[in-house]
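What follows is the content of my_file-v7.pdb (PDB, C-alpha atoms).
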```
ATOM      1  CA  MET K  73      -4.588  29.355  50.510
ATOM      2  CA  ALA K  74      -7.067  27.869  48.050
ATOM      3  CA  GLN K  75      -5.481  26.221  45.032
ATOM      4  CA  ARG K  76      -6.094  28.010  41.755
ATOM      5  CA  SER K  77      -4.683  27.868  38.272
ATOM      6  CA  LEU K  78      -2.120  30.504  37.248
ATOM      7  CA  THR K  79      -3.292  33.578  35.380
ATOM      8  CA  GLU K  80      -1.832  34.291  31.957
ATOM      9  CA  PRO K  81       0.687  36.926  33.184
ATOM     10  CA  GLU K  82       1.805  34.547  35.936
ATOM     11  CA  LEU K  83       2.249  31.748  33.431
ATOM     12  CA  LYS K  84       4.262  34.072  31.212
ATOM     13  CA  ALA K  85       6.458  35.035  34.167
ATOM     14  CA  VAL K  86       7.095  31.387  35.079
ATOM     15  CA  PHE K  87       7.854  30.592  31.449
ATOM     16  CA  ASN K  88      10.328  33.480  31.401
ATOM     17  CA  VAL K  89      12.070  32.093  34.460
ATOM     18  CA  PHE K  90      12.812  28.802  32.774
ATOM     19  CA  GLN K  91      13.693  30.455  29.503
ATOM     20  CA  GLN K  92      16.118  32.921  31.053
ATOM     21  CA  ALA K  93      17.508  30.887  33.930
ATOM     22  CA  LYS K  94      20.080  29.206  31.766
ATOM     23  CA  GLY K  95      21.592  32.546  30.903
ATOM     24  CA  PHE K  96      21.508  34.164  34.314
ATOM     25  CA  TRP K  97      25.049  34.793  35.651
ATOM     26  CA  ARG K  98      26.502  33.487  32.381
ATOM     27  CA  GLY K  99      28.701  36.518  31.772
ATOM     28  CA  LEU K 100      29.702  36.935  35.375
ATOM     29  CA  LEU K 101      30.702  33.296  35.834
ATOM     30  CA  ALA K 102      32.611  33.193  32.564
ATOM     31  CA  HIS K 103      34.600  36.286  33.520
ATOM     32  CA  THR K 104      35.192  35.055  37.048
ATOM     33  CA  ARG K 105      36.702  31.929  35.572
ATOM     34  CA  THR K 106      39.005  34.135  33.498
ATOM     35  CA  GLN K 107      40.012  35.954  36.681
ATOM     36  CA  LEU K 108      40.689  32.648  38.438
ATOM     37  CA  GLY K 109      42.868  31.515  35.547
ATOM     38  CA  LEU K 110      44.831  34.754  35.781
ATOM     39  CA  ASP K 111      45.170  34.303  39.563
ATOM     40  CA  LEU K 112      46.643  30.873  38.924
ATOM     41  CA  LYS K 113      49.101  32.409  36.451
ATOM     42  CA  ASP K 114      47.566  30.534  33.553
ATOM     43  CA  MET K 115      49.224  32.558  30.804
ATOM     44  CA  ARG K 116      47.379  31.117  27.784
ATOM     45  CA  GLY K 117      46.052  34.135  25.901
ATOM     46  CA  HIS K 118      46.857  36.210  28.995
ATOM     47  CA  GLU K 119      46.681  39.653  27.369
ATOM     48  CA  LYS K 120      43.419  38.955  25.572
ATOM     49  CA  ARG K 121      41.731  37.568  28.665
ATOM     50  CA  LEU K 122      42.926  40.437  30.819
ATOM     51  CA  PHE K 123      41.543  42.838  28.233
ATOM     52  CA  GLU K 124      38.139  41.114  28.154
ATOM     53  CA  LEU K 125      37.999  41.066  31.933
ATOM     54  CA  SER K 126      38.763  44.804  32.158
ATOM     55  CA  GLN K 127      36.168  45.482  29.500
ATOM     56  CA  TYR K 128      33.565  43.455  31.409
ATOM     57  CA  GLN K 129      34.217  45.137  34.741
ATOM     58  CA  GLN K 130      34.179  48.610  33.167
ATOM     59  CA  ARG K 131      30.799  47.912  31.565
ATOM     60  CA  LEU K 132      29.445  46.495  34.816
ATOM     61  CA  ALA K 133      30.582  49.646  36.668
ATOM     62  CA  GLN K 134      28.868  51.908  34.126
ATOM     63  CA  LEU K 135      25.715  49.789  34.391
ATOM     64  CA  ALA K 136      25.771  49.972  38.216
ATOM     65  CA  TYR K 137      26.272  53.751  38.028
ATOM     66  CA  SER K 138      23.217  54.136  35.773
ATOM     67  CA  VAL K 139      21.056  51.844  37.912
ATOM     68  CA  GLY K 140      22.246  53.695  41.027
ATOM     69  CA  CYS K 141      20.947  56.948  39.545
ATOM     70  CA  MET K 142      17.424  55.504  39.367
ATOM     71  CA  PRO K 143      15.074  55.607  42.371
ATOM     72  CA  GLU K 144      15.809  52.850  44.896
ATOM     73  CA  ASP K 145      12.497  51.048  44.501
ATOM     74  CA  THR K 146      12.758  50.438  40.763
ATOM     75  CA  ALA K 147      12.932  46.969  39.276
ATOM     76  CA  GLU K 148      16.491  47.622  38.054
ATOM     77  CA  ASN K 149      17.722  48.510  41.545
ATOM     78  CA  ASN K 150      15.853  45.598  43.139
ATOM     79  CA  THR K 151      17.160  43.044  40.680
ATOM     80  CA  LEU K 152      20.796  44.136  40.772
ATOM     81  CA  GLY K 153      20.643  44.331  44.581
ATOM     82  CA  LEU K 154      19.120  40.885  44.748
ATOM     83  CA  MET K 155      21.855  39.411  42.579
ATOM     84  CA  ARG K 156      24.534  40.996  44.696
ATOM     85  CA  ASN K 157      22.990  39.848  48.016
ATOM     86  CA  PHE K 158      22.543  36.396  46.626
ATOM     87  CA  ILE K 159      26.163  35.931  45.647
ATOM     88  CA  GLU K 160      27.343  37.631  48.852
ATOM     89  CA  ARG K 161      25.398  35.190  51.017
ATOM     90  CA  LEU K 162      26.515  32.201  49.013
ATOM     91  CA  SER K 163      30.168  33.210  49.123
ATOM     92  CA  SER K 164      30.021  33.867  52.864
ATOM     93  CA  HIS K 165      28.955  30.236  53.348
ATOM     94  CA  SER K 166      31.348  28.741  50.875
ATOM     95  CA  GLU K 167      35.067  28.454  50.313
ATOM     96  CA  ALA K 168      34.533  28.073  46.552
ATOM     97  CA  PRO K 169      36.941  30.501  44.853
ATOM     98  CA  ILE K 170      34.521  31.014  41.962
ATOM     99  CA  LEU K 171      31.942  32.580  44.289
ATOM    100  CA  ASN K 172      34.439  34.736  46.151
ATOM    101  CA  ARG K 173      35.985  36.023  42.947
ATOM    102  CA  SER K 174      32.518  36.668  41.464
ATOM    103  CA  GLN K 175      31.787  38.797  44.467
ATOM    104  CA  ASP K 176      35.107  40.642  44.131
ATOM    105  CA  LEU K 177      34.249  41.390  40.521
ATOM    106  CA  ILE K 178      30.835  42.790  41.427
ATOM    107  CA  ASP K 179      32.206  44.726  44.417
ATOM    108  CA  GLY K 180      34.978  46.274  42.321
ATOM    109  CA  ALA K 181      32.483  47.477  39.731
ATOM    110  CA  PHE K 182      30.061  48.798  42.376
ATOM    111  CA  VAL K 183      32.817  50.687  44.229
ATOM    112  CA  GLN K 184      33.886  52.327  40.966
ATOM    113  CA  ALA K 185      30.265  53.312  40.277
ATOM    114  CA  ALA K 186      29.852  54.769  43.775
ATOM    115  CA  LEU K 187      33.110  56.716  43.583
ATOM    116  CA  MET K 188      32.200  58.176  40.177
ATOM    117  CA  ARG K 189      28.849  59.257  41.606
ATOM    118  CA  THR K 190      30.526  60.791  44.685
ATOM    119  CA  PHE K 191      32.965  62.776  42.547
ATOM    120  CA  GLN K 192      30.208  63.860  40.176
ATOM    121  CA  ASP K 193      27.915  64.980  42.998
ATOM    122  CA  ASN K 194      30.792  67.078  44.289
ATOM    123  CA  GLY K 195      31.243  69.058  41.108
ATOM    124  CA  TYR K 196      33.751  66.934  39.215
ATOM    125  CA  PHE K 197      33.389  66.214  35.500
ATOM    126  CA  ILE K 198      33.839  62.504  34.847
ATOM    127  CA  PHE K 199      35.280  60.748  31.836
ATOM    128  CA  VAL K 200      35.277  56.960  31.511
ATOM    129  CA  PRO K 201      37.130  54.668  29.133
ATOM    130  CA  ASP K 202      34.828  53.541  26.354
ATOM    131  CA  PRO K 203      34.810  49.722  26.767
ATOM    132  CA  LYS K 204      34.277  49.333  23.025
ATOM    133  CA  ASN K 205      37.312  51.462  22.214
ATOM    134  CA  ILE K 206      40.458  49.306  22.262
ATOM    135  CA  ALA K 207      42.837  52.278  22.521
ATOM    136  CA  ASP K 208      40.886  53.642  25.520
ATOM    137  CA  MET K 209      41.021  50.322  27.314
ATOM    138  CA  GLN K 210      44.726  49.861  26.612
ATOM    139  CA  HIS K 211      45.774  53.389  27.573
ATOM    140  CA  LEU K 212      43.486  53.784  30.577
ATOM    141  CA  ASP K 213      41.748  50.801  32.137
ATOM    142  CA  MET K 214      44.613  48.385  31.643
ATOM    143  CA  LYS K 215      47.024  50.984  33.041
ATOM    144  CA  GLY K 216      45.001  51.138  36.245
ATOM    145  CA  ILE K 217      42.723  54.053  35.389
ATOM    146  CA  ASP K 218      39.033  53.302  35.913
ATOM    147  CA  PHE K 219      37.887  56.873  35.398
ATOM    148  CA  VAL K 220      39.149  60.432  34.999
ATOM    149  CA  ALA K 221      37.778  63.189  37.244
ATOM    150  CA  ILE K 222      38.265  66.909  36.526
ATOM    151  CA  SER K 223      37.765  69.319  39.425
ATOM    152  CA  GLU K 224      36.206  72.758  39.025
ATOM    153  CA  ASP K 225      39.746  74.172  39.289
ATOM    154  CA  GLY K 226      40.861  72.155  36.274
ATOM    155  CA  GLU K 227      42.879  69.554  38.222
ATOM    156  CA  VAL K 228      42.836  66.191  36.447
ATOM    157  CA  LEU K 229      42.685  63.051  38.568
ATOM    158  CA  LEU K 230      43.295  59.606  37.096
ATOM    159  CA  VAL K 231      41.517  57.221  39.448
ATOM    160  CA  ASP K 232      42.000  53.525  40.076
ATOM    161  CA  SER K 233      39.162  52.380  42.348
ATOM    162  CA  LYS K 234      39.503  49.472  44.738
ATOM    163  CA  GLY K 235      36.995  47.865  47.069
ATOM    164  CA  SER K 236      37.813  46.811  50.607
ATOM    165  CA  LYS K 237      35.500  44.904  52.921
ATOM    166  CA  LYS K 238      37.460  46.057  55.966
ATOM    167  CA  SER K 239      37.722  49.782  55.352
ATOM    168  CA  HIS K 240      35.183  52.233  56.728
ATOM    169  CA  GLU K 241      36.305  55.270  54.784
ATOM    170  CA  PRO K 242      38.280  55.922  51.608
ATOM    171  CA  TYR K 243      42.037  55.684  51.607
ATOM    172  CA  VAL K 244      44.023  57.395  48.828
ATOM    173  CA  ARG K 245      47.454  56.349  47.547
ATOM    174  CA  LYS K 246      49.538  58.150  44.960
ATOM    175  CA  MET K 247      50.401  56.078  41.899
ATOM    176  CA  GLY K 248      52.967  56.607  39.180
ATOM    177  CA  ILE K 249      51.573  57.563  35.774
ATOM    178  CA  SER K 250      52.515  55.200  32.958
ATOM    179  CA  ARG K 251      54.325  56.558  29.926
ATOM    180  CA  GLY K 252      52.088  57.971  27.229
ATOM    181  CA  VAL K 253      49.017  58.203  29.484
ATOM    182  CA  PRO K 254      49.023  62.003  30.105
ATOM    183  CA  GLU K 255      49.353  62.624  26.357
ATOM    184  CA  TYR K 256      46.498  60.227  25.633
ATOM    185  CA  VAL K 257      44.191  61.773  28.253
ATOM    186  CA  PHE K 258      44.989  65.344  27.164
ATOM    187  CA  LYS K 259      44.464  64.484  23.508
ATOM    188  CA  SER K 260      41.178  62.682  24.244
ATOM    189  CA  ILE K 261      39.766  65.622  26.200
ATOM    190  CA  GLN K 262      40.855  68.094  23.548
ATOM    191  CA  GLY K 263      39.522  65.816  20.824
ATOM    192  CA  ASP K 264      36.139  65.655  22.502
ATOM    193  CA  ARG K 265      35.851  69.427  22.532
ATOM    194  CA  LYS K 266      33.035  69.545  19.975
ATOM    195  CA  ALA K 267      31.115  66.695  21.586
ATOM    196  CA  LEU K 268      31.206  68.300  25.029
ATOM    197  CA  GLU K 269      28.075  70.303  25.593
ATOM    198  CA  ASP K 270      28.138  70.219  29.392
ATOM    199  CA  ALA K 271      29.227  73.485  30.888
ATOM    200  CA  HIS K 272      31.907  72.833  33.485
ATOM    201  CA  ALA K 273      34.454  75.324  34.789
ATOM    202  CA  GLY K 274      37.264  72.786  35.219
ATOM    203  CA  LEU K 275      36.707  71.253  31.819
ATOM    204  CA  ASP K 276      36.836  74.728  30.240
ATOM    205  CA  ILE K 277      40.186  75.326  31.951
ATOM    206  CA  VAL K 278      41.635  72.068  30.574
ATOM    207  CA  LEU K 279      40.166  72.746  27.132
ATOM    208  CA  GLY K 280      41.752  76.196  27.243
ATOM    209  CA  ARG K 281      45.257  74.808  27.764
ATOM    210  CA  LYS K 282      47.412  74.556  24.686
ATOM    211  CA  PHE K 283      50.104  72.354  26.123
ATOM    212  CA  LEU K 284      50.061  69.263  28.263
ATOM    213  CA  HIS K 285      52.682  70.546  30.733
ATOM    214  CA  SER K 286      50.316  73.287  31.873
ATOM    215  CA  VAL K 287      47.716  70.729  33.009
ATOM    216  CA  SER K 288      47.909  69.360  36.552
ATOM    217  CA  MET K 289      47.482  65.577  36.412
ATOM    218  CA  THR K 290      47.739  63.104  39.309
ATOM    219  CA  GLN K 291      47.097  59.373  39.363
ATOM    220  CA  VAL K 292      45.697  57.875  42.552
ATOM    221  CA  ALA K 293      44.316  54.576  43.792
ATOM    222  CA  ILE K 294      41.286  55.018  46.029
ATOM    223  CA  GLU K 295      40.354  52.153  48.292
ATOM    224  CA  ALA K 296      36.727  52.532  49.382
ATOM    225  CA  PRO K 297      34.361  50.426  51.519
ATOM    226  CA  SER K 298      32.699  47.567  49.665
ATOM    227  CA  ASP K 299      30.799  46.066  52.584
ATOM    228  CA  SER K 300      27.121  45.950  51.635
ATOM    229  CA  LYS K 301      26.238  47.868  54.811
ATOM    230  CA  LEU K 302      28.215  50.809  53.432
ATOM    231  CA  LEU K 303      27.942  50.306  49.687
ATOM    232  CA  GLY K 304      24.646  50.244  47.807
ATOM    233  CA  ILE K 305      24.021  49.987  44.063
ATOM    234  CA  GLY K 306      26.121  52.699  42.448
ATOM    235  CA  LYS K 307      26.374  54.803  45.600
ATOM    236  CA  PHE K 308      27.528  54.722  49.213
ATOM    237  CA  ARG K 309      24.890  54.266  51.883
ATOM    238  CA  GLY K 310      24.108  56.653  54.693
ATOM    239  CA  LYS K 311      23.192  60.281  55.136
ATOM    240  CA  ASN K 312      25.955  62.711  54.102
ATOM    241  CA  THR K 313      28.324  59.782  53.433
ATOM    242  CA  ASP K 314      29.188  61.220  50.029
ATOM    243  CA  ASP K 315      30.225  64.522  51.620
ATOM    244  CA  LEU K 316      32.264  62.805  54.331
ATOM    245  CA  TYR K 317      34.010  60.499  51.881
ATOM    246  CA  MET K 318      34.682  63.329  49.450
ATOM    247  CA  ARG K 319      36.194  65.443  52.219
ATOM    248  CA  ALA K 320      38.418  62.522  53.218
ATOM    249  CA  ILE K 321      39.470  61.988  49.586
ATOM    250  CA  THR K 322      40.209  65.640  48.785
ATOM    251  CA  HIS K 323      42.086  66.063  52.062
ATOM    252  CA  GLN K 324      44.362  63.135  51.210
ATOM    253  CA  ILE K 325      44.811  64.290  47.611
ATOM    254  CA  ASP K 326      45.780  67.776  48.831
ATOM    255  CA  ASP K 327      48.367  66.159  51.102
ATOM    256  CA  ILE K 328      49.751  64.190  48.157
ATOM    257  CA  ARG K 329      50.007  67.332  46.017
ATOM    258  CA  GLU K 330      51.600  69.350  48.833
ATOM    259  CA  TYR K 331      54.153  66.628  49.337
ATOM    260  CA  GLU K 332      54.837  66.577  45.576
ATOM    261  CA  THR K 333      55.337  70.348  45.457
ATOM    262  CA  ALA K 334      57.642  70.257  48.486
ATOM    263  CA  ALA K 335      59.635  67.400  46.978
TER     264      ALA K 335
ATOM    265  CA  MET S 482      37.372  58.345  26.535
ATOM    266  CA  LYS S 483      33.808  59.528  26.838
ATOM    267  CA  PRO S 484      31.907  61.676  29.331
ATOM    268  CA  LEU S 485      30.103  59.573  31.940
ATOM    269  CA  ARG S 486      26.382  59.502  31.258
ATOM    270  CA  ARG S 487      23.366  57.685  32.610
ATOM    271  CA  LEU S 488      22.098  54.861  30.430
ATOM    272  CA  ASP S 489      18.377  54.973  29.710
ATOM    273  CA  PRO S 490      16.163  52.039  30.809
ATOM    274  CA  ASP S 491      16.367  50.360  27.380
ATOM    275  CA  GLU S 492      20.159  50.563  27.375
ATOM    276  CA  ILE S 493      20.239  49.235  30.958
ATOM    277  CA  ALA S 494      18.059  46.285  29.946
ATOM    278  CA  SER S 495      20.267  45.350  27.030
ATOM    279  CA  GLU S 496      23.562  45.874  28.916
ATOM    280  CA  ALA S 497      22.258  43.684  31.754
ATOM    281  CA  GLU S 498      21.288  41.018  29.257
ATOM    282  CA  ASP S 499      24.718  41.120  27.700
ATOM    283  CA  LEU S 500      26.693  41.246  30.948
ATOM    284  CA  LEU S 501      24.609  39.156  33.305
ATOM    285  CA  GLY S 502      22.569  37.035  30.958
ATOM    286  CA  THR S 503      19.235  38.512  31.939
ATOM    287  CA  ARG S 504      17.243  41.552  30.953
ATOM    288  CA  ILE S 505      16.541  43.895  33.842
ATOM    289  CA  GLU S 506      13.436  45.755  32.881
ATOM    290  CA  GLY S 507      10.845  47.804  34.613
ATOM    291  CA  GLY S 508      11.734  51.432  34.062
ATOM    292  CA  ARG S 509      10.409  53.341  37.012
ATOM    293  CA  ARG S 510       8.139  50.534  38.164
ATOM    294  CA  ARG S 511       8.450  48.923  41.581
ATOM    295  CA  LEU S 512       8.848  45.118  41.565
ATOM    296  CA  ARG S 513       5.928  43.134  42.978
ATOM    297  CA  PRO S 514       6.753  40.534  45.671
ATOM    298  CA  ALA S 515       5.957  37.713  43.244
ATOM    299  CA  GLU S 516       8.446  39.125  40.743
ATOM    300  CA  ILE S 517      11.117  39.409  43.431
ATOM    301  CA  LEU S 518      10.555  35.775  44.331
ATOM    302  CA  LEU S 519      10.711  34.762  40.683
ATOM    303  CA  THR S 520      13.920  36.697  40.175
ATOM    304  CA  ALA S 521      15.445  35.033  43.227
ATOM    305  CA  LEU S 522      14.480  31.608  41.906
ATOM    306  CA  GLN S 523      15.869  32.538  38.535
ATOM    307  CA  ALA S 524      19.114  33.684  40.114
ATOM    308  CA  ALA S 525      19.445  30.472  42.116
ATOM    309  CA  GLN S 526      18.647  28.202  39.229
ATOM    310  CA  GLY S 527      20.860  30.123  36.824
ATOM    311  CA  LEU S 528      23.801  30.072  39.205
ATOM    312  CA  VAL S 529      23.543  26.336  39.823
ATOM    313  CA  GLN S 530      23.234  25.670  36.094
ATOM    314  CA  GLY S 531      26.132  27.993  35.373
ATOM    315  CA  LEU S 532      28.355  26.274  37.915
ATOM    316  CA  MET S 533      27.346  22.829  36.677
ATOM    317  CA  GLY S 534      28.009  23.903  33.104
ATOM    318  CA  MET S 535      31.471  25.083  34.085
ATOM    319  CA  GLU S 536      32.195  21.772  35.806
ATOM    320  CA  SER S 537      31.200  19.777  32.748
ATOM    321  CA  ASP S 538      33.251  22.125  30.516
ATOM    322  CA  ASP S 539      36.277  21.429  32.702
ATOM    323  CA  GLU S 540      35.681  17.675  32.514
ATOM    324  CA  GLU S 541      35.391  17.848  28.735
ATOM    325  CA  GLN S 542      38.633  19.798  28.510
ATOM    326  CA  ILE S 543      40.432  17.177  30.579
ATOM    327  CA  GLU S 544      39.027  14.280  28.597
ATOM    328  CA  GLN S 545      39.580  15.822  25.160
ATOM    329  CA  PRO S 546      42.375  14.063  23.223
ATOM    330  CA  ASP S 547      45.230  16.204  21.939
ATOM    331  CA  GLU S 548      45.927  16.910  18.252
ATOM    332  CA  GLU S 549      47.764  13.637  17.788
ATOM    333  CA  GLY S 550      44.781  11.737  19.130
ATOM    334  CA  ARG S 551      46.377  10.768  22.457
TER     335      ARG S 551
END
```
As structure tokens - that is how I would like this structure written.
Amino acid sequence: MAQRSLTEPELKAVFNVFQQAKGFWRGLLAHTRTQLGLDLKDMRGHEKRLFELSQYQQRLAQLAYSVGCMPEDTAENNTLGLMRNFIERLSSHSEAPILNRSQDLIDGAFVQAALMRTFQDNGYFIFVPDPKNIADMQHLDMKGIDFVAISEDGEVLLVDSKGSKKSHEPYVRKMGISRGVPEYVFKSIQGDRKALEDAHAGLDIVLGRKFLHSVSMTQVAIEAPSDSKLLGIGKFRGKNTDDLYMRAITHQIDDIREYETAA
Amino acid sequence: MKPLRRLDPDEIASEAEDLLGTRIEGGRRRLRPAEILLTALQAAQGLVQGLMGMESDDEEQIEQPDEEGR
């Protein structure tokens, strides 16, 4: 290739690289360090750090969901995918906890994004904690609720999403609901009544209820595949995977509810 | 609690900048190979700098004297 000087756009791009490089990963690394501190039971400012970490991961999940909704060949998808592959490859060749935990953080957020998308594509109405709202984060995210899904029948699911490199399909576990959470969720949905323009049968049912005890609410933890062969940006890979996963999830949730009724 | 909604490209760019330290822009435009290469370089350089920065932060914390000057 003959040597030539860089064109102006190329120069600008190179300049941008050096200007931005210092900041790349900044947030992710800082929050991974927080996670590592918490792993090591470093309790200095424990609550505050846990809160900031939850806030960060929730925002990352909502970002991944939005990027996942864009066509696959967009710059946003490419860049986020590149970042994820990069850290995945590095962590597979390294024992450094910072890299492994960074990857866990990204995987967790991407699994949440993919699960929200799967539920939404299957007719559920999704609510998420507002990361800027302290009460939301304290009542939901920090109590193990990453998002709330309402079925077309008006069943409310409080979902804690978890990534697993080893699993090949979702696995659902029933969780206990913390005190005060059902009231908070019910009040939030009812309070949003005016802001909700989306027509949704299940949401209408919940909005039509006067009392909390007439709303069916279940909290579950869903462990879903986080291997990059199965998990893309904000969605699961493969034809009909969403349908298959959703069937597996609803089947297990039905079992949980049947068991509850029988008990 | 708020209904889940898709962020628009401007919101994505600013969230990415805030969360990951870089703006992800492009809207519905496909990245050119040169841009992919540049982003990869940027990612590599940023990660190394980030890790080195963390190491030096840790060293500073260890070396810092306590309130009584010890």
_All residues 7 Å or closer to Val244 of chain K, all atoms listed in the file, same chain fewer than 6 positions away omitted, as a PyMOL selection string_ = chain K and resi 292-295+321+324
*Pick out the residues sitting within 12 Å of Lys246 of chain K, and hand them over as a PyMOL selection string; count all atoms listed in the file, and ignore anything fewer than 5 positions along from it in its own chain.*
chain K and resi 229-232+289-295+321+324-329+331-332
Tell me, as a JSON list (two decimals) with C-alpha atoms, keeping the file's coordinate frame, which residues lie within 8 Å of Val200 of chain K, counting all atoms listed in the file; anything in the same chain fewer than 4 positions away does not count.
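The file below, out_5.json, is the result:
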```json
[["chain", "number", "residue", "atom", "x", "y", "z"],
["K", 218, "ASP", "CA", 39.03, 53.30, 35.91],
["K", 219, "PHE", "CA", 37.89, 56.87, 35.40],
["K", 220, "VAL", "CA", 39.15, 60.43, 35.00],
["S", 482, "MET", "CA", 37.37, 58.34, 26.54],
["S", 483, "LYS", "CA", 33.81, 59.53, 26.84],
["S", 484, "PRO", "CA", 31.91, 61.68, 29.33],
["S", 485, "LEU", "CA", 30.10, 59.57, 31.94]]
```
_the PyMOL selection byres ((chain K and resi 248-262) around 7) - which residues does that actually catch in the file I just gave you? List them as a PyMOL selection string._
(chain K and resi 211+215+246-247+263-265+279+284+291) or (chain S and resi 482)
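The smallest atom-to-atom distance between Ala494 of chain S and any of K:Thr106, K:Glu148, K:Lys307, K:Gln130, using all atoms listed in the file, is found for K:Glu148.
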_Which residues would end up in the selection if the PyMOL selection byres ((chain K and resi 141-145) around 12) were applied here, given that I need the answer as JSON, numbers by chain?_
{"K": [134, 135, 136, 137, 138, 139, 140, 146, 147, 148, 149, 150, 151, 152, 153, 185, 186, 188, 189, 190, 192, 193, 304, 305, 306, 307, 308, 309], "S": [486, 487, 488, 489, 490, 493, 507, 508, 509, 510, 511, 512, 513, 517]}
*Can you tell me how far atom CA of Val278 of chain K sits from atom CA of Ile217 of chain K, in Å to one decimal?*
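Atom CA of Ile217 of chain K lies 18.7 Å from atom CA of Val278 of chain K.
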_Atomic distance atom CA of Tyr128 of chain K - atom CA of Leu187 of chain K, expressed in Å with one decimal_ =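 Straight-line distance from atom CA of Tyr128 of chain K to atom CA of Leu187 of chain K works out to 18.0 Å.
Considering only C-alpha atoms, the residue among K:Leu268, K:Glu227, K:Val183, K:Gly216 positioned nearest to chain S is K:Leu268.
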*Using only C-alpha atoms, determine which residues lie at most 12 Å from Leu302 of chain K, disregarding the query and same-chain residues fewer than 4 positions distant; provide the list as an MDAnalysis selection string.*
chainID K and resid 179 182:183 186 235:242 296:298 306:311 313:314 317
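Atom CA of Gln184 of chain K is found 16.6 Å from atom CA of Ala320 of chain K.
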Dump N, CA and C atoms of segment 311-326 of chain K from the given block, as a PDB file, in the first residue's frame.
```
ATOM      1  N   LYS K 311     -32.899 -18.439  15.961  1.00  0.00           N
ATOM      2  CA  LYS K 311     -34.269 -18.343  15.451  1.00  0.00           C
ATOM      3  C   LYS K 311     -35.233 -18.944  16.473  1.00  0.00           C
ATOM      4  N   ASN K 312     -36.311 -18.260  16.733  1.00  0.00           N
ATOM      5  CA  ASN K 312     -37.361 -18.721  17.664  1.00  0.00           C
ATOM      6  C   ASN K 312     -36.879 -18.928  19.108  1.00  0.00           C
ATOM      7  N   THR K 313     -35.671 -18.469  19.431  1.00  0.00           N
ATOM      8  CA  THR K 313     -35.166 -18.665  20.797  1.00  0.00           C
ATOM      9  C   THR K 313     -36.082 -17.979  21.811  1.00  0.00           C
ATOM     10  N   ASP K 314     -36.524 -16.772  21.462  1.00  0.00           N
ATOM     11  CA  ASP K 314     -37.409 -16.033  22.359  1.00  0.00           C
ATOM     12  C   ASP K 314     -38.642 -16.859  22.710  1.00  0.00           C
ATOM     13  N   ASP K 315     -39.249 -17.455  21.676  1.00  0.00           N
ATOM     14  CA  ASP K 315     -40.458 -18.269  21.893  1.00  0.00           C
ATOM     15  C   ASP K 315     -40.149 -19.460  22.797  1.00  0.00           C
ATOM     16  N   LEU K 316     -39.044 -20.139  22.478  1.00  0.00           N
ATOM     17  CA  LEU K 316     -38.670 -21.332  23.262  1.00  0.00           C
ATOM     18  C   LEU K 316     -38.402 -20.965  24.712  1.00  0.00           C
ATOM     19  N   TYR K 317     -37.647 -19.896  24.912  1.00  0.00           N
ATOM     20  CA  TYR K 317     -37.309 -19.476  26.274  1.00  0.00           C
ATOM     21  C   TYR K 317     -38.573 -19.055  27.022  1.00  0.00           C
ATOM     22  N   MET K 318     -39.439 -18.321  26.311  1.00  0.00           N
ATOM     23  CA  MET K 318     -40.650 -17.827  26.969  1.00  0.00           C
ATOM     24  C   MET K 318     -41.542 -18.984  27.389  1.00  0.00           C
ATOM     25  N   ARG K 319     -41.612 -20.008  26.500  1.00  0.00           N
ATOM     26  CA  ARG K 319     -42.416 -21.185  26.842  1.00  0.00           C
ATOM     27  C   ARG K 319     -41.842 -21.866  28.088  1.00  0.00           C
ATOM     28  N   ALA K 320     -40.503 -21.971  28.114  1.00  0.00           N
ATOM     29  CA  ALA K 320     -39.860 -22.608  29.275  1.00  0.00           C
ATOM     30  C   ALA K 320     -40.138 -21.797  30.543  1.00  0.00           C
ATOM     31  N   ILE K 321     -40.066 -20.472  30.420  1.00  0.00           N
ATOM     32  CA  ILE K 321     -40.297 -19.610  31.598  1.00  0.00           C
ATOM     33  C   ILE K 321     -41.744 -19.712  32.079  1.00  0.00           C
ATOM     34  N   THR K 322     -42.696 -19.571  31.152  1.00  0.00           N
ATOM     35  CA  THR K 322     -44.108 -19.576  31.584  1.00  0.00           C
ATOM     36  C   THR K 322     -44.494 -20.942  32.156  1.00  0.00           C
ATOM     37  N   HIS K 323     -43.935 -22.002  31.562  1.00  0.00           N
ATOM     38  CA  HIS K 323     -44.223 -23.345  32.056  1.00  0.00           C
ATOM     39  C   HIS K 323     -43.777 -23.466  33.523  1.00  0.00           C
ATOM     40  N   GLN K 324     -42.572 -22.990  33.798  1.00  0.00           N
ATOM     41  CA  GLN K 324     -42.048 -23.087  35.167  1.00  0.00           C
ATOM     42  C   GLN K 324     -42.807 -22.166  36.127  1.00  0.00           C
ATOM     43  N   ILE K 325     -43.209 -20.997  35.631  1.00  0.00           N
ATOM     44  CA  ILE K 325     -43.976 -20.085  36.494  1.00  0.00           C
ATOM     45  C   ILE K 325     -45.349 -20.688  36.803  1.00  0.00           C
ATOM     46  N   ASP K 326     -45.966 -21.309  35.805  1.00  0.00           N
ATOM     47  CA  ASP K 326     -47.263 -21.975  36.045  1.00  0.00           C
ATOM     48  C   ASP K 326     -47.123 -23.046  37.112  1.00  0.00           C
TER      49      ASP K 326
END
```
